[in-house]
Every structure is written in structure tokens, then in C-alpha cells.
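Peer 1: Let me begin by handing over the structure; questions about it come next.
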Amino acid sequence: MSTLTIDAIRKSYGAVETLKGIDIALESGEFLVLLGASGCGKSTLLNIIAGLAEPTSGDIRIDDRSIVGVHPKDRDIAMVFQSYALYPNLTVHRNIGFGLEMRKVDRAERDRAVRETAKLLQIENLLERKPGQLSGGQRQRVAIGRALVRNPKIFLFDEPLSNLDAKLRMEMRTELKRLHQMTRTTVVYVTHDQIEAMTLATRIAVMRGGRIEQLDTPENIYNRPATLYVATFVGAPPMNLLAATAGEGGLRIDGTDIIVPVPDLDGIAPGRRLVLGIRPEAIERSGAGVPLTARCEVAELTGPELVVTAAMGSQRLVAALPATTRIAAGDEIALAVAPAAFHVFDAETEQRLN
Amino acid sequence: MSSTWMTTRAWLLMLPLLVIMLAVIGWPMVDTVRLSFTDAKLIGSGGAFVGFDNYLKMLSNNNFQRALYATTWFAVVSVTAEMVIGVLAALLLNQRFYGRTVLRALLILPWALPTVVNATLWRLIYNPEYGALNAALTQVGLLDSYRSWLGEPGTAMTALIIADCWKNFPLVALIALAALQAVPRDITSASLVDGAGPFARFRFVILPYLAGPLMVALVLRTIEAFKVFDIIWVMTRGGPANSTRTLSILVYQEAFSFQRAGSGASLALVVTLIVTVLAIGYGMLVRRTAGSAA
Ligand SMILES: Nc1ncnc2c1ncn2[C@@H]1O[C@H](COP(=O)(O)OP(=O)(O)OP(=O)(O)O)[C@@H](O)[C@H]1O
Ligand SMILES: [Mg+2]
């Protein structure tokens, strides 16, 4: 049960600035997910929290105690790595108990803790094996066990599930959520998988080029993305981004004569270049919303839904419709979008306007 | 294509090489075995068949036992020292510091020098009249008067071992350095978070990746050390008072200095046998180590 405060953290490698001022304040028991594309600095930030790298400037506090310069072992954190990072010639039992062994916890106490953790993760029957004799999923359980057994103030995860196959990844995701609900330990979790981020996080920090683009709850990241980048990063299929221009009584989608009345858009000068965002799943076949018409180009049945790619004037629109919808290529289709489901961004600054 | 033709073709392609190998290695080996059962001289004809005489004489002979002891001592001490120094050097050169690249490049130098050059160099260092070692030791006050390091039975072997270590530790260091670079960064990080100190980290993180390659270095170095000839020949010729006369030196003296081809051959075969046994034993050990580290 601990708070974590990250205060104006910067990190440079030579002339390259990898982190450009990161501020995060975590309540005790929060599950923060750092989400972002490869190379945006997620691991660097995590390593700085762990003490495996030192920040160029800024401060990090756990429970209001600064930990900058403190040795990793004295920070009361535990870390799980993407590559599992198990000790190859130690048994599972000793791997899990290694941190306790190094901290001179006596044998009986250690054994009890290891067995308890192994039971929790359902790997009791693997305790005498070496890492080389385990499957990927089992190794990841051991790696999680090694972190769990120490009962640290903060858990750090660096893409722990990305080496697992899709089915196992889903299972482990649920497992992690269960463990977090049980232990209520503060977690910082790195991933570039948006589903993992949405399902696990109490808050998500979307990172881009060493900065935090948006730090918010999963609901807000999805429903009210603060920037174009966040809007496209979360959601599959990705949000439709239509070029539009501000006008009288709403905004006009370029290349069409569709006028979209969007609330809370007062004070925007007519003629301003905008981007109108519409999530594919917010588009309906009919309803009370703003009507749109488009011509179907491709219709793909994915199973749960029918993904329709349609032309709307000179622009293209993707809609995720119920699987029972009957639409064929070439059809003229009537669609509707609820006024609240429109996202409006400035084309220049890429910031949200509504 | 049938598999018999593949096999035949493989043998046909290897035939020239096999013939040459048989001619330059096989035949001399066979002839050495034959010679070892005769009292042949180096110059002159044939020699009469004497049965196991040469072998019996050798085994009861004090020279052989002393040479075997000298060889073992040389091999064990120099190889142990080379392994320890080599690993320490590799650990050091694996750290980040200014000038590391230059040092890494320099490391290879002693090993790249031909043995004869290295030996000559160390003879200069040990020289009783103008050697650097004498000068250095007297200047810091550790020595009253110049000594003949290679001329005294008490110090000659140690001096040789130091020279051999200097030449060969870089090989071990290079192999170890390559192995160290294969240690996954994440495991090192995990051990830091887990609170492992330098010794625990060496034992549980580094050693598993180092053991296999080091085993290979150990095998190579031990076998070479058992066959040692050139460095000793250049520096002491087996002296003083035969204190540095190893098996290979003894073989040379027997066969070429004393021109006793027959007993020289029997000695050579025994050295070959010892090295072969070592090689096989080590080979099995390497396979075991490689199996457990995976
Ligand atoms: N030790 C280092 N020396 C120099 N540059 C580094 C170092 N570590 C990371 N970087 C650089 O910092 C940037 C961010 O790296 P980081 O590993 O934090 O990315 P990431 O967001 O974790 O990406 P991924 O999703 O691929 O793991 C990269 O451009 C990387 O090249
Ligand atoms: Mg990373």
C-alpha cells in the first residue's frame, strides 16, 4: 500500500533526450499502465523507477520518500521482465525465493512463503524443476511469483505477456487482474497492447516521444481522447478521422455536404480546419443520431461484427455493424451517429476541442 | 539420388585428404610405435627389436618421473593462474569505463605475439645483469642484489610459468568476455532488484553462462600446457639442473641430443597417451557442462 510520485523526470542518453519531463502521481493501490509505441520511453521510465537507470533530472518518491540514488534492492519494489529473466541453473523454488534468500530470510520462513506463492499461481508441482524445463506460460508464472513473494510496495511489469500466445495472454491478463484485486499493491505496467491497457488499468498514461500524451482512466482515454494520437492509438478498428471545416451551425465534412452539429463547439471561427473523429463502433445502421450516407466498398464479417469500409464523398469511413447486417459492396447505406459520439480535434494542434 | 551414392561420393571427395593425413600423420605414428620397440639410433641403420625394454627403463628412470612432475606442475599452476586472471580481466573489461575499447584491443597483444618473441622478451626481463625485474625489485627495495631468475633451480620454473601466463591469459579473457556479453541484461537487472551482491551475482547470474565456454578454454589450455616445449626451450632449455625439463623437452633430448630414437619414441608415445586421456576426459566433461547450462 504505497503512493508513487514521479516528478518532472527527464532522461538523456548523450545528446538524445528519451524522457522529456514526466509527471505522474499514483494513489495507493492504483494500476497504472504505460501505453505507447515502440521506442517512446516506457522501459526507460520503468527502469528509472526500479533504479536500474538514473534520471538526468527530476525526483521519484515512494510514500513521500525520495528514492533517486537508492540502490534497486533498497527501493522495496519488485519487477517482472518481458524475457522472464529467471536464473537458469536454479530450481523454480530457489528462483522464487531468491530475493528472500539474498535478504537472509531464514529457510523455513522462505520455504513457507515460496509454497504459498506457488499455490496462488498454481505452480506447486513445478517447484523442483529448472527454468529450461518449463513452457513460456509457466516461466512467466514463476517470474510473477518471484515478484509476488517479496510483498513489495510497488510492482513493476515490463511487457510481461508479450512473449505468450494469444490464448495464454488472455488467461494471464485475467490472472494478473485477480492478483491485483487481491493484493491491492500499486502497479506500474508497461505494454503496447491497448486491450491489456484497457482491461487492467485504473489509469493509463499514453506516451509518445518521451512525453505523456494523456493520463486518464481507461474510460476517458477511450471516450474522450485528448489528442489525435491517443484517439488513433486506442480502439480497433481505429477511429475514423475525417477532414472537416468549421462552419455555421456545425462543421462540414470536407468533400461532402454533410453538416454535423456538434455541441460545446462555441467560439470556433468559421473556416478553421478540423478533424472529426468517429469510432467505427459508434456508427449505427439507423437511429436518432446525425444521419450520414455512404457507399459500401468492402464488407468483412469478422465474427461478432460486420466491418464495412464505405466511401463518403472523397473520404473513407469504417463502420463496425452488427453481424446480422446485410450489406453488399456497392450498396448505398444510411448510417447514424449519436451527437455525443463525435470527437473534434484541431487539425493544426491535434488537440481535442469538444 | 540414392544414399549409397551420396556416401560413396562423400568418401571419394575426402579421399585425397585422407591419403595425405595418413601419409603425414598415420605413417609416422605407426613408425614411432615400431621404433619404440627397438634400440635404434637417430643416425645409422635399423636397430634391433628389444620388446618393452624402452618402456620399462623409462618408467623406472628418475628422469621420466621428474619430467612428468615438472610438466604437471607447470600445467596445473599456469593453467589455474591463466583461468583466474583471464576471468578477472574479462569481468573488468566488461565494465563500462573510459578507454575500455583501447584496453580490449591491447588485451589480445600478448597472445598474438609468437611464443619465441614472448620468450625472448621475458628472458630480457629476467636478465641477471640488466633485466627490468631485477632493476624494479632493487629500486623498490625488495631485493638486495641482482639475481639470475632463470639460472637458479628454485626460481626458474616460477619465472617460466609467469611468462607463459602472460602470453596465454588473454585467450581465456577473450573467451570469457565473449561469454559475458551473452549474459542477458534482464537477468542481471533482476538480480539487482532481488538484492544479489557481487558474489551472488557472479555465482548465479554470470557463472551459468561462463561455465561452458570456460570449460573449452580449460581443455585447450591444459592440453597445450602438457605439450609445452617452445617457451621452455627458448628460455631455459630445460635447465638449470633439469629443473624445467618437461616431458616434451625430455623427448627432444632423448631423440635428438642423445640420438636414442628408440627410447625417444617410447617417451613420445607415453606423452601422446597422457594428452589423449586428458582430451577424452575433458571432452566428456565439456559435454556434461554444456548439457546442464542450457
Ligand atoms: N542505454 C541506452 N542508451 C542509449 N539509448 C537508449 C538506451 N536505452 C534506451 N535508449 C533509447 O531510448 C528510447 C526509448 O527506449 P525504451 O526502451 O524506453 O523504449 P520502449 O518504449 O520501452 O520501447 P519498446 O516498446 O520497444 O520496449 C529508444 O529510442 C532507445 O533507443
Ligand atoms: Mg520496452
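For the C-alpha cells, the naming scheme is as follows: chains receive sequential letters (A, B, ...) according to their order of presentation, residues are indexed from 1 within each chain, and ligands are indexed from 1 in presentation order.
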Quick one: which residues from chain A are at most 10 Å off chain B, using only C-alpha atoms, as number ranges by chain?
Peer 2: A: 47, 50-52, 71-90, 97-103, 130-133, 143, 146-147, 150
Peer 1: Suppose we keep N, CA, C and O atoms; can you now write the selection as a short mmCIF file (atom, residue, chain, number, x, y, z; two decimals), in the first residue's frame?
Peer 2:
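The resulting file, again-v7.cif, is shown below:
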```cif
data_model
loop_
_atom_site.label_atom_id
_atom_site.label_comp_id
_atom_site.auth_asym_id
_atom_site.auth_seq_id
_atom_site.Cartn_x
_atom_site.Cartn_y
_atom_site.Cartn_z
N ASN A 47 12.60 1.52 -15.78
CA ASN A 47 13.93 1.26 -15.24
C ASN A 47 14.37 2.35 -14.26
O ASN A 47 15.09 2.08 -13.31
N ALA A 50 12.71 1.61 -11.09
CA ALA A 50 13.34 0.45 -10.45
C ALA A 50 14.73 0.76 -9.92
O ALA A 50 15.25 0.06 -9.07
N GLY A 51 15.36 1.82 -10.46
CA GLY A 51 16.72 2.14 -10.04
C GLY A 51 17.75 1.48 -10.92
O GLY A 51 18.94 1.45 -10.61
N LEU A 52 17.32 0.92 -12.05
CA LEU A 52 18.26 0.30 -12.97
C LEU A 52 18.87 1.35 -13.90
O LEU A 52 19.83 1.10 -14.60
N HIS A 71 19.76 2.26 -4.05
CA HIS A 71 20.03 1.01 -4.77
C HIS A 71 18.71 0.27 -5.04
O HIS A 71 17.81 0.29 -4.19
N PRO A 72 18.58 -0.38 -6.22
CA PRO A 72 17.33 -1.08 -6.55
C PRO A 72 16.83 -2.00 -5.44
O PRO A 72 15.62 -2.08 -5.20
N LYS A 73 17.75 -2.67 -4.76
CA LYS A 73 17.31 -3.64 -3.75
C LYS A 73 16.70 -2.95 -2.53
O LYS A 73 15.94 -3.57 -1.78
N ASP A 74 17.02 -1.68 -2.34
CA ASP A 74 16.53 -0.97 -1.17
C ASP A 74 15.29 -0.11 -1.47
O ASP A 74 14.87 0.68 -0.64
N ARG A 75 14.72 -0.28 -2.66
CA ARG A 75 13.56 0.55 -3.01
C ARG A 75 12.24 -0.12 -2.67
O ARG A 75 11.19 0.47 -2.84
N ASP A 76 12.32 -1.38 -2.26
CA ASP A 76 11.12 -2.15 -1.95
C ASP A 76 10.17 -2.23 -3.14
O ASP A 76 8.97 -1.99 -3.03
N ILE A 77 10.77 -2.57 -4.28
CA ILE A 77 9.99 -2.77 -5.49
C ILE A 77 10.28 -4.19 -6.00
O ILE A 77 11.27 -4.80 -5.60
N ALA A 78 9.41 -4.72 -6.83
CA ALA A 78 9.71 -5.99 -7.49
C ALA A 78 9.36 -5.81 -8.95
O ALA A 78 8.47 -5.04 -9.30
N MET A 79 10.12 -6.50 -9.81
CA MET A 79 9.97 -6.25 -11.24
C MET A 79 9.83 -7.56 -12.01
O MET A 79 10.49 -8.53 -11.70
N VAL A 80 8.96 -7.55 -13.01
CA VAL A 80 8.78 -8.71 -13.88
C VAL A 80 9.15 -8.29 -15.30
O VAL A 80 8.70 -7.25 -15.78
N PHE A 81 10.00 -9.10 -15.94
CA PHE A 81 10.54 -8.72 -17.24
C PHE A 81 9.87 -9.48 -18.37
O PHE A 81 9.38 -10.59 -18.20
N GLN A 82 9.93 -8.88 -19.55
CA GLN A 82 9.37 -9.50 -20.75
C GLN A 82 10.02 -10.85 -21.03
O GLN A 82 9.37 -11.80 -21.43
N SER A 83 11.34 -10.94 -20.80
CA SER A 83 12.06 -12.18 -21.10
C SER A 83 12.06 -13.14 -19.92
O SER A 83 12.82 -14.08 -19.89
N TYR A 84 11.22 -12.87 -18.92
CA TYR A 84 11.11 -13.66 -17.69
C TYR A 84 12.32 -13.49 -16.76
O TYR A 84 12.17 -13.37 -15.56
N ALA A 85 13.54 -13.53 -17.37
CA ALA A 85 14.76 -13.29 -16.59
C ALA A 85 14.88 -14.20 -15.38
O ALA A 85 15.22 -13.76 -14.29
N LEU A 86 14.63 -15.50 -15.57
CA LEU A 86 14.82 -16.45 -14.47
C LEU A 86 16.29 -16.86 -14.41
O LEU A 86 16.99 -16.82 -15.42
N TYR A 87 16.74 -17.27 -13.21
CA TYR A 87 18.13 -17.74 -13.08
C TYR A 87 18.20 -19.15 -13.64
O TYR A 87 17.55 -20.06 -13.11
N PRO A 88 18.99 -19.37 -14.70
CA PRO A 88 18.87 -20.61 -15.47
C PRO A 88 19.23 -21.87 -14.69
O PRO A 88 18.66 -22.91 -14.96
N ASN A 89 20.16 -21.78 -13.74
CA ASN A 89 20.53 -23.04 -13.11
C ASN A 89 19.99 -23.20 -11.68
O ASN A 89 20.47 -24.03 -10.91
N LEU A 90 19.00 -22.41 -11.34
CA LEU A 90 18.34 -22.59 -10.04
C LEU A 90 16.95 -23.19 -10.28
O LEU A 90 16.32 -22.92 -11.29
N GLY A 97 12.31 -17.89 -4.40
CA GLY A 97 12.79 -17.47 -3.08
C GLY A 97 14.08 -16.67 -3.12
O GLY A 97 14.59 -16.28 -2.06
N PHE A 98 14.60 -16.39 -4.32
CA PHE A 98 15.93 -15.79 -4.43
C PHE A 98 16.04 -14.45 -3.70
O PHE A 98 17.00 -14.21 -2.96
N GLY A 99 15.03 -13.59 -3.90
CA GLY A 99 15.06 -12.28 -3.24
C GLY A 99 15.07 -12.43 -1.72
O GLY A 99 15.75 -11.68 -1.02
N LEU A 100 14.32 -13.41 -1.22
CA LEU A 100 14.28 -13.63 0.23
C LEU A 100 15.61 -14.20 0.71
O LEU A 100 16.14 -13.82 1.76
N GLU A 101 16.16 -15.11 -0.10
CA GLU A 101 17.45 -15.72 0.24
C GLU A 101 18.52 -14.64 0.34
O GLU A 101 19.31 -14.62 1.29
N MET A 102 18.53 -13.71 -0.62
CA MET A 102 19.52 -12.63 -0.61
C MET A 102 19.30 -11.70 0.59
O MET A 102 20.21 -11.06 1.05
N ARG A 103 18.06 -11.64 1.06
CA ARG A 103 17.77 -10.79 2.21
C ARG A 103 17.87 -11.54 3.52
O ARG A 103 17.40 -11.09 4.55
N LYS A 130 13.89 -26.91 -13.29
CA LYS A 130 14.72 -25.79 -13.72
C LYS A 130 13.95 -25.00 -14.78
O LYS A 130 13.12 -25.57 -15.49
N PRO A 131 14.24 -23.71 -14.93
CA PRO A 131 13.51 -22.89 -15.91
C PRO A 131 13.53 -23.50 -17.31
O PRO A 131 12.55 -23.38 -18.05
N GLY A 132 14.64 -24.15 -17.68
CA GLY A 132 14.73 -24.75 -19.01
C GLY A 132 13.68 -25.81 -19.27
O GLY A 132 13.40 -26.15 -20.41
N GLN A 133 13.09 -26.36 -18.20
CA GLN A 133 12.11 -27.43 -18.36
C GLN A 133 10.67 -26.91 -18.30
O GLN A 133 9.75 -27.70 -18.08
N ALA A 143 8.13 -16.06 -12.85
CA ALA A 143 8.64 -14.69 -12.77
C ALA A 143 7.70 -13.82 -11.94
O ALA A 143 8.15 -12.99 -11.13
N ARG A 146 8.13 -14.73 -8.30
CA ARG A 146 9.34 -14.16 -7.73
C ARG A 146 9.10 -12.72 -7.26
O ARG A 146 9.68 -12.27 -6.27
N ALA A 147 8.24 -12.00 -7.99
CA ALA A 147 7.92 -10.63 -7.58
C ALA A 147 6.93 -10.64 -6.42
O ALA A 147 7.09 -9.91 -5.44
N ARG A 150 7.85 -11.38 -2.47
CA ARG A 150 8.55 -10.40 -1.63
C ARG A 150 7.60 -9.40 -1.01
O ARG A 150 7.97 -8.63 -0.14
#
```
Peer 1: Please identify the residues whose atoms come within 8 Å of ligand 1, using only C-alpha atoms and all ligand atoms, and report them as a VMD selection string.
Peer 2: chain A and resid 13 to 14 16 to 19 36 to 46 158 to 159 190 to 192 210
Peer 1: Give me a file of those residues, with N, CA, C and O atoms, as a JSON list (two decimals), in the first residue's frame.
Peer 2:
```json
[["chain", "number", "residue", "atom", "x", "y", "z"],
["A", 13, "TYR", "N", 20.21, 10.21, -23.09],
["A", 13, "TYR", "CA", 21.37, 9.37, -23.42],
["A", 13, "TYR", "C", 22.21, 10.18, -24.38],
["A", 13, "TYR", "O", 21.83, 10.34, -25.54],
["A", 14, "GLY", "N", 23.33, 10.72, -23.92],
["A", 14, "GLY", "CA", 24.13, 11.59, -24.77],
["A", 14, "GLY", "C", 23.30, 12.79, -25.16],
["A", 14, "GLY", "O", 22.70, 13.45, -24.32],
["A", 16, "VAL", "N", 20.63, 12.70, -26.99],
["A", 16, "VAL", "CA", 19.23, 12.35, -27.24],
["A", 16, "VAL", "C", 18.43, 12.36, -25.95],
["A", 16, "VAL", "O", 18.80, 11.71, -24.97],
["A", 17, "GLU", "N", 17.35, 13.13, -25.93],
["A", 17, "GLU", "CA", 16.50, 13.14, -24.75],
["A", 17, "GLU", "C", 15.39, 12.11, -24.92],
["A", 17, "GLU", "O", 14.53, 12.24, -25.78],
["A", 18, "THR", "N", 15.44, 11.06, -24.09],
["A", 18, "THR", "CA", 14.48, 9.96, -24.20],
["A", 18, "THR", "C", 13.20, 10.25, -23.42],
["A", 18, "THR", "O", 12.11, 9.93, -23.85],
["A", 19, "LEU", "N", 13.34, 10.86, -22.24],
["A", 19, "LEU", "CA", 12.17, 11.28, -21.46],
["A", 19, "LEU", "C", 12.22, 12.79, -21.31],
["A", 19, "LEU", "O", 13.23, 13.35, -20.89],
["A", 36, "GLY", "N", 2.23, 2.87, -25.16],
["A", 36, "GLY", "CA", 2.83, 3.68, -26.21],
["A", 36, "GLY", "C", 3.55, 2.83, -27.22],
["A", 36, "GLY", "O", 3.80, 1.65, -26.98],
["A", 37, "ALA", "N", 3.89, 3.42, -28.35],
["A", 37, "ALA", "CA", 4.56, 2.69, -29.42],
["A", 37, "ALA", "C", 5.99, 2.37, -29.02],
["A", 37, "ALA", "O", 6.51, 2.93, -28.05],
["A", 38, "SER", "N", 6.61, 1.50, -29.76],
["A", 38, "SER", "CA", 7.99, 1.10, -29.50],
["A", 38, "SER", "C", 8.91, 2.31, -29.53],
["A", 38, "SER", "O", 8.80, 3.15, -30.41],
["A", 39, "GLY", "N", 9.79, 2.40, -28.53],
["A", 39, "GLY", "CA", 10.79, 3.46, -28.51],
["A", 39, "GLY", "C", 10.32, 4.75, -27.89],
["A", 39, "GLY", "O", 11.03, 5.75, -27.91],
["A", 40, "CYS", "N", 9.12, 4.79, -27.29],
["A", 40, "CYS", "CA", 8.62, 6.05, -26.75],
["A", 40, "CYS", "C", 9.15, 6.31, -25.33],
["A", 40, "CYS", "O", 8.90, 7.37, -24.77],
["A", 41, "GLY", "N", 9.87, 5.35, -24.75],
["A", 41, "GLY", "CA", 10.49, 5.58, -23.46],
["A", 41, "GLY", "C", 9.82, 4.87, -22.29],
["A", 41, "GLY", "O", 10.13, 5.15, -21.13],
["A", 42, "LYS", "N", 8.93, 3.92, -22.56],
["A", 42, "LYS", "CA", 8.23, 3.21, -21.48],
["A", 42, "LYS", "C", 9.21, 2.46, -20.58],
["A", 42, "LYS", "O", 9.18, 2.61, -19.36],
["A", 43, "SER", "N", 10.07, 1.65, -21.21],
["A", 43, "SER", "CA", 11.01, 0.86, -20.41],
["A", 43, "SER", "C", 11.97, 1.75, -19.67],
["A", 43, "SER", "O", 12.36, 1.46, -18.53],
["A", 44, "THR", "N", 12.38, 2.82, -20.32],
["A", 44, "THR", "CA", 13.31, 3.74, -19.68],
["A", 44, "THR", "C", 12.69, 4.28, -18.38],
["A", 44, "THR", "O", 13.34, 4.30, -17.34],
["A", 45, "LEU", "N", 11.43, 4.69, -18.45],
["A", 45, "LEU", "CA", 10.76, 5.22, -17.25],
["A", 45, "LEU", "C", 10.67, 4.14, -16.17],
["A", 45, "LEU", "O", 10.94, 4.38, -14.99],
["A", 46, "LEU", "N", 10.32, 2.92, -16.58],
["A", 46, "LEU", "CA", 10.19, 1.83, -15.62],
["A", 46, "LEU", "C", 11.54, 1.53, -14.96],
["A", 46, "LEU", "O", 11.61, 1.33, -13.74],
["A", 158, "ASP", "N", 7.34, -5.06, -17.13],
["A", 158, "ASP", "CA", 7.72, -4.58, -18.46],
["A", 158, "ASP", "C", 7.25, -5.58, -19.52],
["A", 158, "ASP", "O", 7.88, -6.59, -19.75],
["A", 159, "GLU", "N", 6.14, -5.30, -20.14],
["A", 159, "GLU", "CA", 5.55, -6.17, -21.17],
["A", 159, "GLU", "C", 5.60, -7.64, -20.78],
["A", 159, "GLU", "O", 6.14, -8.46, -21.53],
["A", 190, "VAL", "N", 3.98, -1.80, -18.13],
["A", 190, "VAL", "CA", 4.29, -1.31, -19.47],
["A", 190, "VAL", "C", 3.73, -2.25, -20.52],
["A", 190, "VAL", "O", 3.89, -3.47, -20.41],
["A", 191, "THR", "N", 3.11, -1.71, -21.54],
["A", 191, "THR", "CA", 2.65, -2.55, -22.64],
["A", 191, "THR", "C", 2.44, -1.69, -23.88],
["A", 191, "THR", "O", 2.35, -0.47, -23.79],
["A", 192, "HIS", "N", 2.42, -2.33, -25.05],
["A", 192, "HIS", "CA", 1.92, -1.57, -26.19],
["A", 192, "HIS", "C", 0.65, -2.23, -26.72],
["A", 192, "HIS", "O", 0.22, -1.95, -27.83],
["A", 210, "GLY", "N", 8.63, 10.33, -25.51],
["A", 210, "GLY", "CA", 9.21, 10.79, -24.25],
["A", 210, "GLY", "C", 8.32, 11.72, -23.44],
["A", 210, "GLY", "O", 8.76, 12.29, -22.44]]
```
Peer 1: Can you tell me, as a PyMOL selection string, what residues are no more than 12 Å from region 156-163 of chain B when counting only C-alpha atoms, ignoring any on the same chain fewer than 6 positions away?
Peer 2: chain B and resi 69-82+85+110-111+115-127+133+147-150+169+225+228-246
Peer 1: As a list in words, please: the residues near Ala255 (chain B) (cut-off 7 Å, only C-alpha atoms, same-chain neighbours under 6 positions excluded).
Peer 2: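 The contact residues come out as Leu42, Ala261 and Gly264 of chain B.
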Peer 1: Restricted to C-alpha atoms, what would the selected residues look like written as a short mmCIF file (atom, residue, chain, number, x, y, z; two decimals), in the first residue's frame?
Peer 2:
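Below is the file again-v2.cif, written as the result:
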```
data_model
loop_
_atom_site.label_atom_id
_atom_site.label_comp_id
_atom_site.auth_asym_id
_atom_site.auth_seq_id
_atom_site.Cartn_x
_atom_site.Cartn_y
_atom_site.Cartn_z
CA LEU B 42 68.91 -41.45 -34.80
CA ALA B 261 65.48 -42.74 -31.44
CA GLY B 264 62.71 -41.23 -27.57
#
```
Peer 1: Which residue gives the smallest distance to Asp254 (chain A) among A:Ile154, A:Met312, A:Ala231, A:Met198, with only C-alpha atoms counted?
Peer 2: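 Smallest distance to Asp254 (chain A) is found for A:Met312.
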Peer 1: Can you pull out every residue from region 162-313 of chain A that DSSP, working from the backbone, puts in strand (DSSP E), and format the result as a ChimeraX atom specification?
Peer 2: /A:186-191,203-208,211-216,240-247,250-253,259-260,273-278,283-284,290-301,305-312
Peer 1: Quote the spacing between CA of Gln140 (chain A) and CA of Arg169 (chain A) in Å to one decimal place.
Peer 2: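 Computing the Euclidean distance for CA of Gln140 (chain A) and CA of Arg169 (chain A) yields 10.4 Å.
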Peer 1: Figure out the distance between CA of Lys104 (chain A) and CA of Glu128 (chain A), please, to one decimal in Å.
Peer 2: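 Interatomic distance, CA of Glu128 (chain A) to CA of Lys104 (chain A): 21.1 Å.
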Peer 1: Mind listing the alpha helix (DSSP H) residues of region 2-136 of chain B, per DSSP on the backbone, as a PyMOL selection string?
Peer 2: chain B and resi 3-21+27-35+53-60+62-93+100-107+109-112+115-126+132-136
Peer 1: Fewer than 5 positions away in the same chain doesn't count, so skip those; otherwise give me all residues within 9 Å of Glu54 (chain A), counting only C-alpha atoms, as a VMD selection string.
Peer 2: chain A and resid 11 47 to 49 68 to 69
Peer 1: Those residues you just picked out, can you put them in a file as a tab-separated table (two decimals), in the first residue's frame with C-alpha atoms?
Peer 2:
```tsv
chain	number	residue	atom	x	y	z
A	11	LYS	CA	16.46	11.28	-19.10
A	47	ASN	CA	13.93	1.26	-15.24
A	48	ILE	CA	14.26	4.66	-13.61
A	49	ILE	CA	11.55	3.76	-11.10
A	68	VAL	CA	16.57	8.71	-6.51
A	69	GLY	CA	20.05	7.31	-5.99
```
Peer 1: Pick from A:Gln351, A:Ser28, A:Gln122, A:Thr5: nearest to Ser66 (chain A), with only C-alpha atoms counted?
Peer 2: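 With only C-alpha atoms as the atom set, the closest residue is A:Thr5.
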Peer 1: What's around Arg173 (chain A) at 8 Å? Count only C-alpha atoms, leave out sequence neighbours fewer than 3 positions away in its own chain, and write the answer as an MDAnalysis selection string.
Peer 2: chainID A and resid 161 169:170 176:177 196 200
Peer 1: Can those selected residues be exported to a file as a compact mmCIF listing (two decimals), in the first residue's frame so that it contains N, CA, C and O atoms?
Peer 2:
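Generated output (out_29.txt):
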```
# COMPACT_ATOMS: atom_id res chain seq x y z
N LEU A 161 3.53 -10.02 -20.80
CA LEU A 161 2.76 -11.04 -21.52
C LEU A 161 3.07 -11.11 -23.01
O LEU A 161 2.51 -11.92 -23.73
N ARG A 169 -2.14 -15.33 -23.17
CA ARG A 169 -2.03 -13.93 -22.79
C ARG A 169 -3.33 -13.47 -22.13
O ARG A 169 -3.33 -12.78 -21.14
N MET A 170 -4.45 -13.94 -22.69
CA MET A 170 -5.74 -13.56 -22.11
C MET A 170 -5.91 -14.15 -20.72
O MET A 170 -6.35 -13.47 -19.79
N LEU A 176 -3.63 -11.70 -13.67
CA LEU A 176 -2.99 -10.52 -13.10
C LEU A 176 -4.02 -9.60 -12.46
O LEU A 176 -3.79 -9.03 -11.38
N LYS A 177 -5.16 -9.48 -13.12
CA LYS A 177 -6.21 -8.63 -12.58
C LYS A 177 -6.69 -9.19 -11.23
O LYS A 177 -6.86 -8.45 -10.27
N GLU A 196 -4.77 -4.93 -23.24
CA GLU A 196 -4.20 -5.11 -21.91
C GLU A 196 -4.35 -3.83 -21.09
O GLU A 196 -4.74 -3.85 -19.93
N LEU A 200 -6.71 -3.80 -17.70
CA LEU A 200 -6.02 -3.89 -16.41
C LEU A 200 -5.98 -2.57 -15.64
O LEU A 200 -6.04 -2.55 -14.42
```
Peer 1: To one decimal place, how far is CA of Met239 (chain A) from CA of Ile278 (chain A) in Å?
Peer 2: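 About the pair CA of Met239 (chain A) and CA of Ile278 (chain A): they are 5.7 Å apart.
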